[in-house]
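Structure first, then comments.
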Amino acid sequence: SGAIILLVDEADALAQSREALQMHHEDRAGVNAFIRGIDRLGNGRLPAAVLMCTNRIGALDPAVKRRAADILTFARPDASQRELVLSRAFRHLSFTSTQLTALVAATGPDKNRPYGFTYSDLTQRLIPAIVLDAYPSRPVDPVRAIEIAREMLPTPPFDEKTI
């Protein structure tokens with residue numbers, strides 16, 4: 001009386017659209033096998049959920065998307081969401097509200113690009129870069145943190161037209 005949860009990260013690499021011109025026969029066969037496996041799992045007697053994560057929803061095979069009970073999309077964090085992530089990381093340091101606001105602004109869209117930082121840009125790139133910049137000899141400097149954020153480029157959005 002258990003359940004199965006299958007998590008497929010970077011699902012576009014496994015279930016890429018068979019319509020892609022550069023796809024080899026073996027890759028198409030792999031996608032076909034994956035789809036048959038999802039169907040067998042769905043028709044089985046065990047409760048099962050297949051969770052597929054991708055940054056490139058447009059790259060997924062249409063047959064895979066048709067089998068989805070739901071498709072959830074997550075946008076890049078807005079200013080209030082970026083503030084929440086950054087304030088949690090730096091709340092015990094000497095950031096003033098003005099400095100935190102400047103850090104949030106530095107991670108958002110600007111006149112040169114219409115997109116801001118992703119969650120992973122914040123948590124896996126920016127915050128570690130700020131901490132490593134200070135390590136091991138000095139505390140995190142809010143002014144330097146803002147400079148680092150302004151120098152760092154956010155991950156560009158995927159161009160879905162290139163599949």
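In the structure tokens, each chain is lettered A, B, ... as it comes, each chain's residues begin at 1, and ligands are numbered from 1 in order of appearance.
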Query raised in the report: What are the DSSP alpha helix (DSSP H) residues of range 11-142 of chain A, as a PyMOL selection string?
Result: chain A and resi 11-14+25-43+62-66+79-90+97-106+119-120+127-134+142
Query raised in the report: Quick one: residues within 10 Å of Ala145 in chain A, only C-alpha atoms counted, chain neighbours fewer than 2 positions away excluded, as a PyMOL selection string?
Result: chain A and resi 95+99-100+102-103+106+126-127+129-131+133-134+140-143+147-151
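Take CA of Tyr115 in chain A and CA of Ala69 in chain A: the distance between them is 29.5 Å.
DSSP, applied to the backbone of this structure, assigns strand (DSSP E) to the following residues of chain A: Ile4, Ile5, Leu6, Leu7, Val8, Ala48, Ala49, Val50, Leu51 and Met52 of chain A.
Of the residues under consideration (A:Gln22, A:Thr118, A:Asn55, A:Ser17), A:Asn55 shows the shortest atom-to-atom contact distance to Phe158 in chain A when counting only C-alpha atoms.
One distance worth recording is that between CA of Pro128 in chain A and CA of Arg82 in chain A, which is 15.3 Å.
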